[in-house]
Every structure is written in structure tokens, then in C-alpha cells.
Amino acid sequence: MANTITIYSKNNCIQCKMTKKLLDNEGANYQEINIDERPEMVEYVKNLGFTAAPVIKSGDIIFSGFQPAKLKALL
């Protein structure tokens, strides 16, 4: 079974919207954590090594930005 995909997103983030749209179009099951609404998660994302949204995490795979090829590889 595939790992759960988690997206750490922000409000008014075009790359976040594009990432979620791609996953929705592929019928992917994912969890979204909006770090604007859950500021306690900002430090966690920074500790992963990222400062820009979205950050996508699935198992040991973690990357940021809208990266269609990497997203499709997770599905």
C-alpha cells in the first residue's frame, strides 16, 4: 500500500493549489495541513529543511514546490 501523502500548504499559494488540483484530478488520497491555519506546524516544516510551500511528504520522500513528475511518481 502506498504511503499517505501529506501536503503542508499556505493560503493564497498558487503552487499549493496546482499541487492539490493535480492530486484531485488523479483521484489521490491526501491529507492537507494548512500552516497558515496551524502555525504550530511551521517549525516542523522548517525542521524538514523547507521554507517555501507546498511541502509534500510521503514516507521517506519529501520535496517542495509544484513538481508534477514527482507527484505522479507517488501515486
# chains A, B, ... in the order shown; residues from 1 in each chain; ligands from 1
call {"tool": "residues_around", "arguments": {"residues": "stretch 7-11 of chain A", "least_positions_apart": "2", "cutoff": "9 Å", "atoms": "only C-alpha atoms", "output": "ChimeraX atom specification"}}
result
/A:5,13-17,19-20,30-37,41-42,45,53-58
call {"tool": "select_by_dssp", "arguments": {"residues": "chain A", "states": "strand (DSSP E or B)", "output": "list in words"}}
result
Ile5, Thr6, Ile7, Tyr8, Ser9, Tyr30, Gln31, Glu32, Ile33, Asn34, Val55, Ile56, Lys57, Ser58, Ile61, Ile62, Phe63 and Ser64 of chain A
call {"tool": "write_last_selection", "arguments": {"atoms": "N, CA and C atoms", "output": "PDB file, in the first residue's frame"}}
result
ATOM      1  N   ILE A   5       0.034  10.623   1.535  1.00  0.00           N
ATOM      2  CA  ILE A   5       0.613  11.863   1.036  1.00  0.00           C
ATOM      3  C   ILE A   5       0.097  12.995   1.920  1.00  0.00           C
ATOM      4  N   THR A   6       1.018  13.784   2.455  1.00  0.00           N
ATOM      5  CA  THR A   6       0.648  14.942   3.256  1.00  0.00           C
ATOM      6  C   THR A   6       1.174  16.185   2.563  1.00  0.00           C
ATOM      7  N   ILE A   7       0.304  17.183   2.434  1.00  0.00           N
ATOM      8  CA  ILE A   7       0.697  18.464   1.839  1.00  0.00           C
ATOM      9  C   ILE A   7       0.629  19.527   2.924  1.00  0.00           C
ATOM     10  N   TYR A   8       1.755  20.201   3.123  1.00  0.00           N
ATOM     11  CA  TYR A   8       1.787  21.358   4.021  1.00  0.00           C
ATOM     12  C   TYR A   8       1.634  22.580   3.124  1.00  0.00           C
ATOM     13  N   SER A   9       0.480  23.238   3.223  1.00  0.00           N
ATOM     14  CA  SER A   9       0.145  24.316   2.303  1.00  0.00           C
ATOM     15  C   SER A   9      -0.049  25.637   3.031  1.00  0.00           C
ATOM     16  N   TYR A  30      -5.074  12.278  -0.055  1.00  0.00           N
ATOM     17  CA  TYR A  30      -4.014  13.015   0.619  1.00  0.00           C
ATOM     18  C   TYR A  30      -4.578  13.793   1.796  1.00  0.00           C
ATOM     19  N   GLN A  31      -3.677  14.171   2.687  1.00  0.00           N
ATOM     20  CA  GLN A  31      -4.037  14.974   3.845  1.00  0.00           C
ATOM     21  C   GLN A  31      -3.408  16.351   3.649  1.00  0.00           C
ATOM     22  N   GLU A  32      -4.193  17.386   3.862  1.00  0.00           N
ATOM     23  CA  GLU A  32      -3.668  18.744   3.753  1.00  0.00           C
ATOM     24  C   GLU A  32      -3.567  19.369   5.140  1.00  0.00           C
ATOM     25  N   ILE A  33      -2.414  19.949   5.415  1.00  0.00           N
ATOM     26  CA  ILE A  33      -2.220  20.703   6.654  1.00  0.00           C
ATOM     27  C   ILE A  33      -1.869  22.127   6.233  1.00  0.00           C
ATOM     28  N   ASN A  34      -2.784  23.049   6.507  1.00  0.00           N
ATOM     29  CA  ASN A  34      -2.579  24.448   6.143  1.00  0.00           C
ATOM     30  C   ASN A  34      -1.796  25.107   7.278  1.00  0.00           C
ATOM     31  N   VAL A  55       4.957  21.860   0.795  1.00  0.00           N
ATOM     32  CA  VAL A  55       5.901  20.784   1.096  1.00  0.00           C
ATOM     33  C   VAL A  55       5.083  19.496   1.050  1.00  0.00           C
ATOM     34  N   ILE A  56       5.562  18.540   0.266  1.00  0.00           N
ATOM     35  CA  ILE A  56       4.858  17.273   0.084  1.00  0.00           C
ATOM     36  C   ILE A  56       5.685  16.183   0.756  1.00  0.00           C
ATOM     37  N   LYS A  57       5.032  15.390   1.598  1.00  0.00           N
ATOM     38  CA  LYS A  57       5.725  14.318   2.313  1.00  0.00           C
ATOM     39  C   LYS A  57       4.940  13.032   2.131  1.00  0.00           C
ATOM     40  N   SER A  58       5.655  11.989   1.758  1.00  0.00           N
ATOM     41  CA  SER A  58       5.053  10.664   1.639  1.00  0.00           C
ATOM     42  C   SER A  58       6.120   9.646   1.998  1.00  0.00           C
ATOM     43  N   ILE A  61       9.950  10.241   1.268  1.00  0.00           N
ATOM     44  CA  ILE A  61      10.069  11.213   0.176  1.00  0.00           C
ATOM     45  C   ILE A  61       9.502  12.546   0.628  1.00  0.00           C
ATOM     46  N   ILE A  62      10.328  13.585   0.525  1.00  0.00           N
ATOM     47  CA  ILE A  62       9.887  14.926   0.905  1.00  0.00           C
ATOM     48  C   ILE A  62      10.437  15.904  -0.129  1.00  0.00           C
ATOM     49  N   PHE A  63       9.562  16.760  -0.649  1.00  0.00           N
ATOM     50  CA  PHE A  63      10.010  17.802  -1.583  1.00  0.00           C
ATOM     51  C   PHE A  63       9.058  18.978  -1.495  1.00  0.00           C
ATOM     52  N   SER A  64       9.482  20.093  -2.081  1.00  0.00           N
ATOM     53  CA  SER A  64       8.620  21.271  -2.051  1.00  0.00           C
ATOM     54  C   SER A  64       8.392  21.789  -3.459  1.00  0.00           C
TER      55      SER A  64
END
call {"tool": "select_by_dssp", "arguments": {"residues": "chain A", "states": "alpha helix (DSSP H)", "output": "PyMOL selection string"}}
result
chain A and resi 14-25+42-48+68-74
call {"tool": "atom_distance", "arguments": {"atom1": "atom CA of A:Leu75", "atom2": "atom CA of A:Glu43"}}
result
27.4 Å
call {"tool": "closest_residue", "arguments": {"among": "A:Leu22, A:Asn12, A:Gly27, A:Tyr44", "to": "A:Ala69", "atoms": "only C-alpha atoms"}}
result
A:Leu22
call {"tool": "closest_residue", "arguments": {"among": "A:Lys21, A:Phe50, A:Thr4, A:Arg38", "to": "A:Leu74", "atoms": "only C-alpha atoms"}}
result
A:Thr4
call {"tool": "atom_distance", "arguments": {"atom1": "atom CA of A:Ala52", "atom2": "atom CA of A:Glu26"}}
result
23.8 Å
call {"tool": "closest_residue", "arguments": {"among": "A:Asp60, A:Leu23, A:Gln67, A:Lys72", "to": "A:Leu48", "atoms": "only C-alpha atoms"}}
result
A:Asp60
